[in-house]
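> My questions all concern the structure below.
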Amino acid sequence: MTDAPEVVICGGGIAGGALAAGLARRGISVLVLEQLDAYRDRVRGEMLSPWGVGDARQFGVDDCIYAARPSALRSWIQWDEVHHYSEAPTIDLTTTFVPGVTSPLAIHHYATCKAFTDAARDAGAEHVMGIRKLRVTPGRPPSVAFEVDGVERDVRPRLVVAAGGHAQPVARQLGLMRRGPYHHWGGGLAIEGLDGWPDAVQAFGTEGRRNFMVFPQREGRARLYLNFPESDASEFAGPEATRRFHEAFRLACLPPDLSERVLSARPVGNSAVWPSRVTIADRLDVDGVVLIGDEAGSSDTVLGTGLASALRDVRIVGQLLLESSEWSRRDFFAPYREERAHRLRRLHHTANFLAVLSCEFGPAAAARRARAWERMRQNPSYMITLMVTVAGPDRVPEFAYSEYVLERLLAPERAAPPRRRPVSGLFDAGPAGNANVPEIVANA
Ligand SMILES: Cc1cc2nc3c(=O)[nH]c(=O)nc-3n(C[C@H](O)[C@H](O)[C@H](O)COP(=O)(O)OP(=O)(O)OC[C@H]3O[C@@H](n4cnc5c(N)ncnc54)[C@H](O)[C@@H]3O)c2cc1C
């Protein structure tokens, strides 16, 4: 192992692995440090939006995503207690939201991480698994200390990329991280032996006190997700947690027998749940260190765009590194800071909308959901906010992030007069980038 790679990437997940592959393929010497001893299934996001695939393609690493054998998702069906299953709204996901990408992909998170890091290794990167006691010290140059197999190492690269995901190990050490608000809890479970689920259909809906999602994968496997009120969190703790999580998919709003099919499948591993918390990095870079992926801050997972957003970070940071060798220039990452602040403002806005629409429970919330879907049916242009998730925040005009659209969809009276105020600048991202996360809209 060299003591002076050009780039050390802390975390060999989606963001770290993809960046390592792209840089190593262009001849940059990279060392990836991963705490896991081996990639294995864990509860993580597995629906990859088309804009994430598009960014991976632009950065020349989309072949790794396909090497991990994803499956295409071709329809999004909103099976929900507010309409009969035969009238469930359906969104055609084969629409070309992003040039060259045919639909969202259901990936296997761990297999995709492995495919990225294998590609990085094939291109000459070093990839060390099972590291402990990671310690990053910013500077020019920065340094990284860690332990592997009981041996301490110290490396001095030109740049450290922090890509440790939601745990934010480096951002926390450097005091760059803040925990934001949360609106509900969420979690996931993998199942296998799911026979007869409609081909390539992702399900999304709310029934009772549960918002649910089903993302079918290959060969009878699927990832199940739930969002629920914090007061129900204890139901998904303890020795019966996985059984209860699975049992929550006994849903009357699904077509006859589909719920039974999910229940007849077998859990793979255990369910995991936690507050669906927004995390915020107050700064995206300090001397010789830059944060990417969830380590740089994330939105409510109800949005389902964390993977795509991580791959956008990879493309933008990766391209900056490839375009100029002046990595230690003070404003080097300014374009990344600006783009990410703008992106996160839009993603937080959309996540707040989805949380209010789908993750509030009870009769008033159900009535509001019924109204919103009916209004979208009558006027499909109101689906513009939902399109952010598949097309990406930059491909959807500012109008989608306006309170005008939220009011038209969520307010009880359809005739609510539009507010006369500019649609841009509703949430001021401010100089600290994504620090000013808009407040969660209160229960209405
Ligand atoms: C329940 C749930 C559902 C979700 N649903 C979706 C979805 O449908 N679609 C979507 O796009 N996103 C979804 N997400 C979000 C998505 O999973 C993340 O945004 C994405 O994985 C972020 O990629 P990352 O590379 O930043 O982090 P990760 O892919 O988690 O990688 C981080 C890596 O860093 C490693 N690491 C951590 N600490 C250390 C350390 N100290 N030293 C060395 N290595 C370390 C980890 O082991 C891991 O390999 C969901 C998340 C959750 C929790």
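Quick note on naming: the chains in the structure tokens go A, B, ... in the order shown, residues restart at 1 in each chain, and ligands are numbered from 1 in order of appearance.
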Would you list the contacts of Arg74 of chain A as a VMD selection string, taking every protein, DNA or RNA residue within 8 Å and counting only C-alpha atoms, but skipping same-chain residues closer than 3 positions in sequence?

chain A and resid 92 to 94 103 to 104 200 to 202

> Within 6 Å of ligand 1, counting only C-alpha atoms and all ligand atoms, which protein or nucleic acid residues do you find, written as a count of residues only?

36

> List the neighbours of segment 114-129 of chain A out to 9 Å using only C-alpha atoms; skip same-chain residues closer than 2 positions along the sequence, and give me the result as a ChimeraX atom specification.

/A:1-2,12-14,16-39,61,64-68,109-112,131,148

> For Val98 of chain A, which residue out of A:Gly60, A:Pro141, A:Pro50, A:Gly175 is the nearest one, using only C-alpha atoms?

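Under the stated criterion, the closest residue is A:Pro50.
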
> Skipping near chain neighbours, those fewer than 3 positions away, what residues fall within 7 Å of segment 350-358 of chain A using only C-alpha atoms, listed as a VMD selection string?

chain A and resid 206 211 299 to 300 302 to 303 346 to 347 369 385 440 to 441

> Could you make a table, as a tab-separated table, of the residues of segment 21-97 of chain A that have an atom within 12 Å of an atom of segment 378-383 of chain A, each with its nearest atom pair and distance in Å to one decimal, counting only C-alpha atoms, in chain and number order?


residue	atom	partner	partner_atom	distance
A:Pro89	CA	A:Pro380	CA	11.0
A:Thr90	CA	A:Pro380	CA	11.7
A:Ile91	CA	A:Met383	CA	9.9

> Looking at only C-alpha atoms, which of A:Pro275, A:Gly196, A:Gly220, A:Gly318 is the one that sits closest to Ala233 of chain A?

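The answer is A:Pro275, which sits nearest to Ala233 of chain A.
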
> Point out the residue among A:Gly52, A:Pro99, A:Gly362, A:Gly288 with the least atom-to-atom distance to Gly208 of chain A, counting only C-alpha atoms.

A:Gly362

> For the atom pair atom CA of Val388 of chain A and atom CA of Ser309 of chain A, what is the interatomic distance in Å to one decimal place?

11.8 Å

> Give the strand (DSSP E) residues of segment 160-365 of chain A, as assigned by DSSP on the backbone, as a count of residues only.

55

> Please provide as number ranges by chain all residues within 9 Å of segment 335-340 of chain A, with the sequence filter that same-chain residues fewer than 3 positions apart are discarded (counting only C-alpha atoms).

A: 283-285, 312-313, 316-317, 320, 331-332, 343-345, 432-434

> What's the separation between atom CA of Asp232 of chain A and atom CA of Arg179 of chain A, in Å to one decimal place?

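These two atoms are separated by 21.6 Å.
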